[in-house]
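Student: Provided below: input.cif, containing mmCIF, C-alpha atoms (C1' of nucleotides).
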```cif
data_upload
loop_
_atom_site.label_atom_id
_atom_site.label_comp_id
_atom_site.auth_asym_id
_atom_site.auth_seq_id
_atom_site.Cartn_x
_atom_site.Cartn_y
_atom_site.Cartn_z
CA MET A 1 228.44 65.62 246.05
CA THR A 2 227.63 62.33 247.72
CA ALA A 3 223.96 61.52 247.79
CA THR A 4 222.29 61.11 251.14
CA PRO A 5 221.62 57.42 251.66
CA THR A 6 217.98 56.48 251.91
CA PRO A 7 218.08 52.74 252.40
CA PRO A 8 215.09 50.82 251.06
CA THR A 9 215.32 48.70 254.18
CA ALA A 10 213.66 51.50 256.06
CA SER A 11 211.01 52.26 253.45
CA PRO A 12 207.43 51.66 254.59
CA ALA A 13 205.15 49.04 253.10
CA PRO A 14 203.59 50.10 249.79
CA ALA A 15 199.97 51.17 249.60
CA ALA A 16 198.79 48.04 247.84
CA PRO A 17 198.78 44.80 249.83
CA PRO A 18 201.94 42.99 248.77
CA GLU A 19 201.58 39.81 246.78
CA ALA A 20 204.22 37.17 247.18
CA ALA A 21 206.14 38.45 244.15
CA ASP A 22 206.25 41.94 245.57
CA ASP A 23 207.71 40.55 248.72
CA TRP A 24 210.42 38.90 246.71
CA LEU A 25 211.15 42.08 244.87
CA ARG A 26 211.61 44.04 248.06
CA LEU A 27 213.71 41.39 249.68
CA ASP A 28 215.82 41.12 246.60
CA GLN A 29 216.37 44.81 246.67
CA GLN A 30 217.63 44.50 250.20
CA ILE A 31 220.30 41.89 249.58
CA CYS A 32 221.69 43.12 246.33
CA PHE A 33 221.30 46.76 247.13
CA THR A 34 222.66 46.74 250.67
CA LEU A 35 225.68 44.79 249.54
CA ASN A 36 226.30 47.11 246.64
CA ALA A 37 225.84 50.16 248.85
CA ALA A 38 228.14 48.79 251.55
CA SER A 39 230.82 48.07 249.00
CA ARG A 40 230.65 51.60 247.65
CA ALA A 41 230.61 53.03 251.15
CA PHE A 42 233.80 51.12 251.90
CA ASN A 43 235.26 52.49 248.74
CA GLY A 44 234.46 56.00 249.91
CA VAL A 45 236.23 55.50 253.24
CA TYR A 46 239.26 54.00 251.55
CA ARG A 47 239.33 56.88 249.12
CA VAL A 48 239.69 59.25 252.06
CA VAL A 49 242.17 57.15 254.02
CA LEU A 50 244.35 56.23 251.04
CA LYS A 51 244.56 59.75 249.68
CA ASP A 52 247.72 60.25 251.73
CA LEU A 53 249.34 57.22 250.11
CA GLY A 54 248.41 58.40 246.64
CA ILE A 55 246.81 55.11 245.61
CA THR A 56 243.26 53.91 245.05
CA TYR A 57 241.45 51.11 246.80
CA PRO A 58 241.98 48.49 244.04
CA GLN A 59 245.62 49.53 243.83
CA TYR A 60 245.88 49.10 247.58
CA LEU A 61 244.51 45.58 247.28
CA VAL A 62 247.18 44.79 244.72
CA MET A 63 249.89 46.15 246.99
CA LEU A 64 248.53 44.10 249.91
CA VAL A 65 248.99 40.94 247.89
CA LEU A 66 252.46 41.95 246.75
CA TRP A 67 253.51 42.84 250.29
CA GLU A 68 252.41 39.45 251.47
CA HIS A 69 253.63 37.29 248.62
CA GLY A 70 256.38 39.29 246.93
CA ALA A 71 256.74 39.24 243.15
CA LEU A 72 253.91 37.48 241.32
CA PRO A 73 252.88 36.93 237.72
CA VAL A 74 249.82 38.89 236.65
CA LYS A 75 247.87 35.67 236.44
CA LYS A 76 248.49 34.77 240.10
CA LEU A 77 247.70 38.31 241.17
CA GLY A 78 244.39 38.00 239.35
CA GLU A 79 243.58 34.76 241.13
CA HIS A 80 244.22 36.29 244.52
CA LEU A 81 242.11 39.33 243.72
CA ARG A 82 239.48 37.72 241.53
CA LEU A 83 240.39 40.11 238.70
CA ASP A 84 241.41 39.50 235.11
CA SER A 85 244.01 41.11 232.89
CA GLY A 86 241.49 43.55 231.46
CA THR A 87 241.35 45.20 234.85
CA LEU A 88 244.87 44.50 236.03
CA SER A 89 246.90 45.52 233.00
CA PRO A 90 246.03 49.22 233.05
CA LEU A 91 245.98 49.30 236.86
CA LEU A 92 249.48 47.82 237.04
CA LYS A 93 250.65 50.25 234.42
CA ARG A 94 249.48 53.08 236.65
CA LEU A 95 251.23 51.54 239.65
CA GLU A 96 254.38 51.29 237.55
CA THR A 97 254.09 54.92 236.51
CA ALA A 98 253.74 55.77 240.20
CA GLY A 99 257.01 53.92 240.79
CA LEU A 100 255.52 51.31 243.13
CA VAL A 101 255.95 48.18 241.00
CA ARG A 102 258.02 46.94 238.09
CA ARG A 103 256.74 44.63 235.39
CA GLU A 104 259.08 42.34 233.55
CA ARG A 105 258.57 39.42 231.22
CA SER A 106 259.46 36.16 232.82
CA VAL A 107 262.58 34.62 231.32
CA ARG A 108 261.30 31.12 231.94
CA ASP A 109 257.93 31.76 230.30
CA GLU A 110 257.75 34.69 227.95
CA ARG A 111 253.97 34.74 228.10
CA SER A 112 254.06 35.62 231.77
CA VAL A 113 254.76 39.03 233.30
CA GLU A 114 256.18 39.24 236.79
CA VAL A 115 254.95 42.10 238.93
CA ARG A 116 257.49 43.09 241.55
CA PRO A 117 257.20 45.81 244.18
CA THR A 118 259.98 48.39 243.91
CA GLU A 119 261.92 49.64 246.93
CA GLU A 120 259.47 52.49 247.04
CA GLY A 121 256.56 50.09 246.83
CA ILE A 122 257.94 48.02 249.70
CA ALA A 123 258.59 51.17 251.71
CA LEU A 124 254.98 52.22 251.23
CA ARG A 125 253.95 49.30 253.39
CA GLN A 126 255.15 51.07 256.51
CA ARG A 127 252.87 53.99 255.83
CA ALA A 128 250.02 51.61 255.02
CA LEU A 129 250.20 49.97 258.44
CA ALA A 130 248.04 52.74 259.86
CA VAL A 131 245.27 52.17 257.32
CA PRO A 132 243.49 49.08 258.69
CA ARG A 133 243.03 50.55 262.14
CA ARG A 134 241.29 53.55 260.67
CA ILE A 135 239.10 51.41 258.47
CA VAL A 136 238.07 49.13 261.29
CA ALA A 137 237.35 52.16 263.43
CA ALA A 138 235.18 53.59 260.64
CA THR A 139 233.03 50.47 260.57
CA GLY A 140 232.11 50.85 264.21
CA PHE A 141 232.13 47.05 264.38
CA GLU A 142 233.86 44.80 266.85
CA ILE A 143 236.63 42.59 265.53
CA ASP A 144 234.64 39.41 266.02
CA GLU A 145 231.69 40.92 264.26
CA ILE A 146 233.90 41.82 261.32
CA ARG A 147 235.32 38.33 261.21
CA ASP A 148 231.86 36.85 261.26
CA LEU A 149 230.61 39.14 258.51
CA SER A 150 233.67 38.41 256.45
CA GLY A 151 233.05 34.69 256.76
CA ARG A 152 229.47 35.01 255.63
CA LEU A 153 230.48 37.13 252.67
CA HIS A 154 233.10 34.62 251.71
CA ARG A 155 230.52 31.85 251.71
CA LEU A 156 228.19 34.08 249.73
CA THR A 157 230.80 34.83 247.10
CA ALA A 158 231.62 31.18 246.66
CA ALA A 159 227.94 30.32 246.17
CA LEU A 160 227.39 33.18 243.74
CA ASP A 161 230.45 32.34 241.68
CA LYS A 162 229.34 28.75 241.49
CA ALA A 163 225.85 29.80 240.39
CA ALA A 164 227.20 32.23 237.78
CA ASP A 165 229.41 29.53 236.31
CA GLU A 166 226.43 27.24 236.08
CA GLY A 167 224.62 29.88 234.07
CA ALA A 168 222.01 30.92 236.60
CA MET B 169 237.69 35.01 231.29
CA THR B 170 236.70 35.06 234.96
CA ALA B 171 239.58 34.47 237.32
CA THR B 172 239.35 31.60 239.72
CA PRO B 173 238.65 33.01 243.17
CA THR B 174 241.38 32.40 245.70
CA PRO B 175 240.10 34.13 248.81
CA PRO B 176 242.73 35.39 251.21
CA THR B 177 240.49 34.17 254.01
CA ALA B 178 241.71 30.69 253.31
CA SER B 179 245.36 31.59 252.89
CA PRO B 180 247.67 30.08 255.49
CA ALA B 181 249.61 32.09 258.03
CA PRO B 182 252.79 33.64 256.61
CA ALA B 183 256.18 32.20 257.42
CA ALA B 184 257.22 35.05 259.69
CA PRO B 185 255.54 35.31 263.11
CA PRO B 186 252.86 37.98 262.67
CA GLU B 187 253.29 41.20 264.57
CA ALA B 188 250.16 43.05 265.61
CA ALA B 189 250.28 45.27 262.52
CA ASP B 190 250.43 42.26 260.26
CA ASP B 191 247.36 40.93 261.95
CA TRP B 192 245.60 44.18 261.23
CA LEU B 193 246.62 44.07 257.61
CA ARG B 194 245.28 40.60 257.09
CA LEU B 195 242.05 41.31 258.89
CA ASP B 196 241.62 44.45 256.90
CA GLN B 197 242.08 42.53 253.73
CA GLN B 198 239.33 40.22 254.81
CA ILE B 199 236.67 42.84 255.43
CA CYS B 200 237.27 45.12 252.52
CA PHE B 201 238.19 42.41 250.11
CA THR B 202 235.42 39.95 250.89
CA LEU B 203 232.86 42.70 250.64
CA ASN B 204 234.25 43.89 247.35
CA ALA B 205 234.44 40.37 246.00
CA ALA B 206 230.90 39.56 247.12
CA SER B 207 229.59 42.68 245.46
CA ARG B 208 231.27 41.80 242.19
CA ALA B 209 230.08 38.22 242.46
CA PHE B 210 226.52 39.48 242.84
CA ASN B 211 227.06 41.64 239.83
CA GLY B 212 228.12 38.58 237.87
CA VAL B 213 224.99 36.65 238.77
CA TYR B 214 222.78 39.60 237.92
CA ARG B 215 224.57 39.98 234.63
CA VAL B 216 223.54 36.46 233.73
CA VAL B 217 220.00 36.68 235.06
CA LEU B 218 219.25 40.13 233.63
CA LYS B 219 220.60 39.37 230.18
CA ASP B 220 217.09 38.32 229.14
CA LEU B 221 215.69 41.68 230.20
CA GLY B 222 218.37 43.57 228.32
CA ILE B 223 219.35 45.74 231.29
CA THR B 224 222.31 45.88 233.65
CA TYR B 225 222.31 45.54 237.40
CA PRO B 226 222.44 49.28 238.19
CA GLN B 227 219.74 49.87 235.60
CA TYR B 228 217.68 47.17 237.29
CA LEU B 229 218.06 48.95 240.62
CA VAL B 230 216.74 52.13 239.03
CA MET B 231 213.77 50.30 237.58
CA LEU B 232 213.05 48.71 240.99
CA VAL B 233 212.75 52.15 242.51
CA LEU B 234 210.59 53.43 239.68
CA TRP B 235 208.31 50.39 239.86
CA GLU B 236 207.81 50.98 243.53
CA HIS B 237 207.51 54.76 243.58
CA GLY B 238 206.48 55.76 240.07
CA ALA B 239 207.91 58.90 238.48
CA LEU B 240 210.67 60.56 240.49
CA PRO B 241 213.06 63.45 240.00
CA VAL B 242 216.66 62.43 239.42
CA LYS B 243 217.55 63.81 242.83
CA LYS B 244 215.11 61.53 244.67
CA LEU B 245 216.22 58.58 242.62
CA GLY B 246 219.77 59.32 243.68
CA GLU B 247 218.80 59.42 247.33
CA HIS B 248 217.11 56.04 247.10
CA LEU B 249 220.08 54.50 245.33
CA ARG B 250 222.89 56.44 246.97
CA LEU B 251 224.04 57.67 243.56
CA ASP B 252 224.66 61.13 242.19
CA SER B 253 223.89 62.72 238.86
CA GLY B 254 227.31 61.90 237.49
CA THR B 255 226.33 58.26 237.55
CA LEU B 256 222.61 58.60 236.95
CA SER B 257 222.56 61.01 234.02
CA PRO B 258 224.26 58.75 231.49
CA LEU B 259 222.57 55.67 232.93
CA LEU B 260 219.13 57.23 232.58
CA LYS B 261 219.96 58.33 229.08
CA ARG B 262 220.67 54.72 228.22
CA LEU B 263 217.41 53.61 229.82
CA GLU B 264 215.63 56.26 227.75
CA THR B 265 217.31 55.06 224.58
CA ALA B 266 216.15 51.55 225.49
CA GLY B 267 212.61 52.94 225.70
CA LEU B 268 212.12 52.09 229.38
CA VAL B 269 211.92 55.60 230.85
CA ARG B 270 211.16 59.15 229.77
CA ARG B 271 212.89 62.21 231.18
CA GLU B 272 211.12 65.55 231.23
CA ARG B 273 211.87 68.85 232.93
CA SER B 274 209.51 69.54 235.78
CA VAL B 275 207.12 72.39 235.00
CA ARG B 276 207.02 73.42 238.64
CA ASP B 277 210.80 73.52 239.03
CA GLU B 278 212.76 73.82 235.86
CA ARG B 279 215.94 72.64 237.55
CA SER B 280 214.43 69.24 238.22
CA VAL B 281 214.06 66.37 235.75
CA GLU B 282 211.29 63.85 236.29
CA VAL B 283 212.11 60.26 235.39
CA ARG B 284 209.00 58.31 234.44
CA PRO B 285 208.78 54.67 233.42
CA THR B 286 207.21 54.22 229.99
CA GLU B 287 204.51 51.65 229.25
CA GLU B 288 207.29 49.37 228.14
CA GLY B 289 209.20 50.06 231.32
CA ILE B 290 206.19 49.24 233.45
CA ALA B 291 205.55 46.12 231.42
CA LEU B 292 209.10 44.96 232.05
CA ARG B 293 208.22 44.54 235.72
CA GLN B 294 206.24 41.42 234.94
CA ARG B 295 209.27 39.79 233.39
CA ALA B 296 211.41 40.95 236.30
CA LEU B 297 209.28 39.16 238.86
CA ALA B 298 211.19 35.96 238.22
CA VAL B 299 214.56 37.55 238.92
CA PRO B 300 214.65 37.69 242.74
CA ARG B 301 213.87 34.02 243.15
CA ARG B 302 216.80 33.10 240.97
CA ILE B 303 219.11 35.46 242.81
CA VAL B 304 218.12 34.16 246.22
CA ALA B 305 218.56 30.64 244.96
CA ALA B 306 222.03 31.53 243.70
CA THR B 307 223.10 32.72 247.14
CA GLY B 308 222.30 29.38 248.70
CA PHE B 309 221.24 31.28 251.80
CA GLU B 310 218.05 30.99 253.79
CA ILE B 311 215.71 33.95 253.80
CA ASP B 312 216.37 34.75 257.42
CA GLU B 313 220.09 34.60 256.86
CA ILE B 314 219.75 37.04 253.98
CA ARG B 315 217.68 39.39 256.08
CA ASP B 316 220.23 39.24 258.84
CA LEU B 317 223.13 39.86 256.50
CA SER B 318 221.25 42.70 254.89
CA GLY B 319 220.68 44.32 258.26
CA ARG B 320 224.34 44.10 259.17
CA LEU B 321 225.36 45.59 255.87
CA HIS B 322 222.92 48.39 256.30
CA ARG B 323 224.39 49.23 259.69
CA LEU B 324 227.86 49.00 258.20
CA THR B 325 227.01 51.36 255.36
CA ALA B 326 225.57 53.92 257.75
CA ALA B 327 228.69 53.82 259.91
CA LEU B 328 231.02 54.07 256.92
CA ASP B 329 229.12 56.97 255.39
CA LYS B 330 229.24 58.77 258.68
CA ALA B 331 232.98 58.18 259.00
CA ALA B 332 233.63 59.30 255.42
CA ASP B 333 231.71 62.50 255.99
CA GLU B 334 233.79 63.16 259.07
CA GLY B 335 236.92 62.86 257.00
CA ALA B 336 238.24 59.58 258.31
"C1'" DG C 337 260.28 18.32 213.98
"C1'" DG C 338 255.83 20.15 212.86
"C1'" DC C 339 250.79 21.22 214.18
"C1'" DT C 340 247.33 22.25 216.99
"C1'" DA C 341 245.36 23.51 221.28
"C1'" DT C 342 246.00 26.09 225.19
"C1'" DC C 343 247.72 29.79 227.93
"C1'" DC C 344 249.01 34.52 228.95
"C1'" DA C 345 249.02 39.59 228.90
"C1'" DG C 346 247.34 43.28 226.50
"C1'" DT C 347 243.78 46.00 223.98
"C1'" DT C 348 239.16 47.57 222.81
"C1'" DG C 349 234.58 48.80 223.82
"C1'" DT C 350 230.74 49.36 227.03
"C1'" DG C 351 229.04 50.57 231.45
"C1'" DG C 352 229.48 52.17 236.33
"C1'" DG C 353 231.10 55.31 240.25
"C1'" DC C 354 232.66 59.55 241.79
"C1'" DA C 355 235.00 64.26 242.34
"C1'" DA C 356 234.84 68.65 240.44
"C1'" DT C 357 232.85 71.98 237.67
"C1'" DT C 358 229.24 74.40 234.87
"C1'" DG C 359 225.12 76.83 234.05
"C1'" DA C 360 220.53 77.54 234.79
"C1'" DA C 361 216.69 78.00 238.23
"C1'" DT C 362 215.15 78.95 242.69
"C1'" DT C 363 215.23 80.53 247.42
"C1'" DG C 364 216.45 83.49 251.05
"C1'" DT C 365 217.62 87.92 252.76
"C1'" DG C 366 218.11 92.56 253.17
"C1'" DC D 367 212.86 94.38 244.13
"C1'" DA D 368 217.80 92.98 243.89
"C1'" DC D 369 221.51 90.18 244.98
"C1'" DA D 370 223.83 86.40 247.07
"C1'" DA D 371 223.57 81.60 248.39
"C1'" DT D 372 221.77 77.34 247.33
"C1'" DT D 373 219.84 73.62 244.50
"C1'" DC D 374 219.67 70.73 240.51
"C1'" DA D 375 221.04 68.11 236.32
"C1'" DA D 376 224.54 67.68 233.20
"C1'" DT D 377 229.31 67.31 231.83
"C1'" DT D 378 234.27 66.23 232.16
"C1'" DG D 379 237.92 63.50 233.53
"C1'" DC D 380 239.79 59.71 235.85
"C1'" DC D 381 239.60 55.01 237.45
"C1'" DC D 382 237.66 50.32 237.80
"C1'" DA D 383 235.06 45.86 236.00
"C1'" DC D 384 234.34 42.75 232.52
"C1'" DA D 385 233.39 40.57 227.87
"C1'" DA D 386 235.48 39.78 223.62
"C1'" DC D 387 239.30 39.63 220.99
"C1'" DT D 388 244.49 39.78 219.50
"C1'" DG D 389 249.03 38.13 219.14
"C1'" DG D 390 252.74 35.86 220.83
"C1'" DA D 391 254.56 31.72 223.69
"C1'" DT D 392 254.28 27.26 225.29
"C1'" DA D 393 252.86 22.42 225.71
"C1'" DG D 394 251.10 18.20 223.88
"C1'" DC D 395 250.66 15.06 220.40
"C1'" DC D 396 251.52 12.86 216.27
#
```
Kindly return the structure encoded in the file as structure tokens.
Tutor:
Amino acid sequence: MTATPTPPTASPAPAAPPEAADDWLRLDQQICFTLNAASRAFNGVYRVVLKDLGITYPQYLVMLVLWEHGALPVKKLGEHLRLDSGTLSPLLKRLETAGLVRRERSVRDERSVEVRPTEEGIALRQRALAVPRRIVAATGFEIDEIRDLSGRLHRLTAALDKAADEGA
Amino acid sequence: MTATPTPPTASPAPAAPPEAADDWLRLDQQICFTLNAASRAFNGVYRVVLKDLGITYPQYLVMLVLWEHGALPVKKLGEHLRLDSGTLSPLLKRLETAGLVRRERSVRDERSVEVRPTEEGIALRQRALAVPRRIVAATGFEIDEIRDLSGRLHRLTAALDKAADEGA
DNA sequence: GGCTATCCAGTTGTGGGCAATTGAATTGTG
DNA sequence: CACAATTCAATTGCCCACAACTGGATAGCC
């Protein structure tokens, strides 16, 4: 049961005349909420499209990185994906159980664990080639529009990460 | 430990000449990944800013709706937030434990549960008024730019929801 | 060589998101 | 009125995100 979206963007002005702070509250709701909602909506579409491949959206992101870069230590994978070991360790374990990756301690540095796509994992790429088209189609956006949006979001993320690091 | 972001947007072209499908894969990574990353980055900033209030980001979203609309059944709350009972039930229970809301079966329809902000919950709004300013500041974006982005994301969400419902 | 600081993956605990199911209440229909 | 279909909140089970911590490995420094 997916709830019917009722975006606050479309909600009418409240009965009381808005003070400045109220304005801020509504605006704030729009940025944070629309972004959150869009992210979850994407997740929903990926859930449908990736069902055939038997992997989840975060697992797909991991495979994308591995397809592009080949074997990587968990640390590097985390840097690419902006995820830490707390998220990646169990996720990679599931991918290993699914037979898509292998994890092996690096011989050169025993702290590090190399994540390597298996034959099966590499083969999965062929079936994944159809995914992006379907996703782009689902957005109803033009390529340029997507690129533009992506750029803005990238700038946004950088600013937010910087702000979070600075404690506010 | 927060991983250092290494956005794929900035990654150089791969060694092999990209076929069309490769292009699609990279582009895809940019939309879905940047959106996902931006959402999590927002979450991080909210985590910091909301620590004082003792609530999480999703809990804050719930309180925003309650502050604006007053008491609401769980169902309505879910429509506003695009969340179902599987997410809301435990979340609301935590908000109740924190003393910010009360949940009571509707007398008119015993299936429905009304969620009502307590005095304490209503009082929290005053302290929350400072939040949006800090968030907007953290984005480094101008108001108009935020509005624009928000509008795009709203359109995107609508399209994605529609596509997911249609099974692709 | 020994000591300490740092780095790395993994684990634990809390919270969120969602599909699927349950069970009770209500509505619609004959 | 009776019975089937629908609605609603809650629960279960799985996965993801992240903070905090653990334990082992390495690097740097004396």
Student: Return as a PyMOL selection string the set of residues that the PyMOL selection byres ((chain D) within 10 of (chain B)) yields on the displayed structure.
Tutor: chain D and resi 373-378+383-386
Student: One number please: CA of Glu96 (chain A) to C1' of DT348 (chain C), in Å, one decimal.
Tutor: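 Pair CA of Glu96 (chain A) / C1' of DT348 (chain C) returns 21.5 Å.
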Student: Taking only residues of chain C that have an atom at most 7 Å from an atom of chain A, what is each one's shortest atom pair and its distance in Å to one decimal, using all atoms listed in the file, in chain and number order, as a Markdown table?
Tutor:
```
| residue | atom | partner | partner_atom | distance |
| --- | --- | --- | --- | --- |
| C:DC344 | C1' | A:Arg111 | CA | 5.0 |
| C:DA345 | C1' | A:Ser85 | CA | 6.6 |
| C:DG346 | C1' | A:Ser89 | CA | 6.9 |
```
Student: Enter the distance from CA of Leu72 (chain A) to CA of Leu95 (chain A), in Å, rounded to one decimal.
Tutor: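 It comes out at 14.4 Å.
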Student: Find the residues around DA368 (chain D) up to 12 Å (all atoms listed in the file counted), leave out those fewer than 2 positions away in its own chain, and share them as a PyMOL selection string.
Tutor: (chain C and resi 364-366) or (chain D and resi 370)
Student: Do you have the CA of Glu166 (chain A)-CA of Val299 (chain B) distance handy?
Tutor: 16.0 Å
Student: Selected by the PyMOL selection byres ((chain C and resi 339) around 10) in the shown coordinates: which residues, as a PyMOL selection string?
Tutor: (chain C and resi 337-338+340-341) or (chain D and resi 395-396)
Student: Out of A:Ala71, A:Leu124, A:Val101, A:Leu81, which residue has the shortest atom-to-atom distance to chain B when counting only C-alpha atoms?
Tutor: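 Between A:Ala71, A:Leu124, A:Val101, A:Leu81, the residue approaching chain B most closely is A:Leu81.
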Student: List the spatial neighbours of region 31-38 of chain A as an MDAnalysis selection string - criterion: any atom at most 9 Å away, only C-alpha atoms (C1' of nucleotides), same-chain residues fewer than 3 positions off excluded.
Tutor: (chainID A and resid 5 7:9 27:28 41:43) or (chainID B and resid 203:204 206:208 210:211 229 249:250 303:304 314:315 317:319 321:326 328)
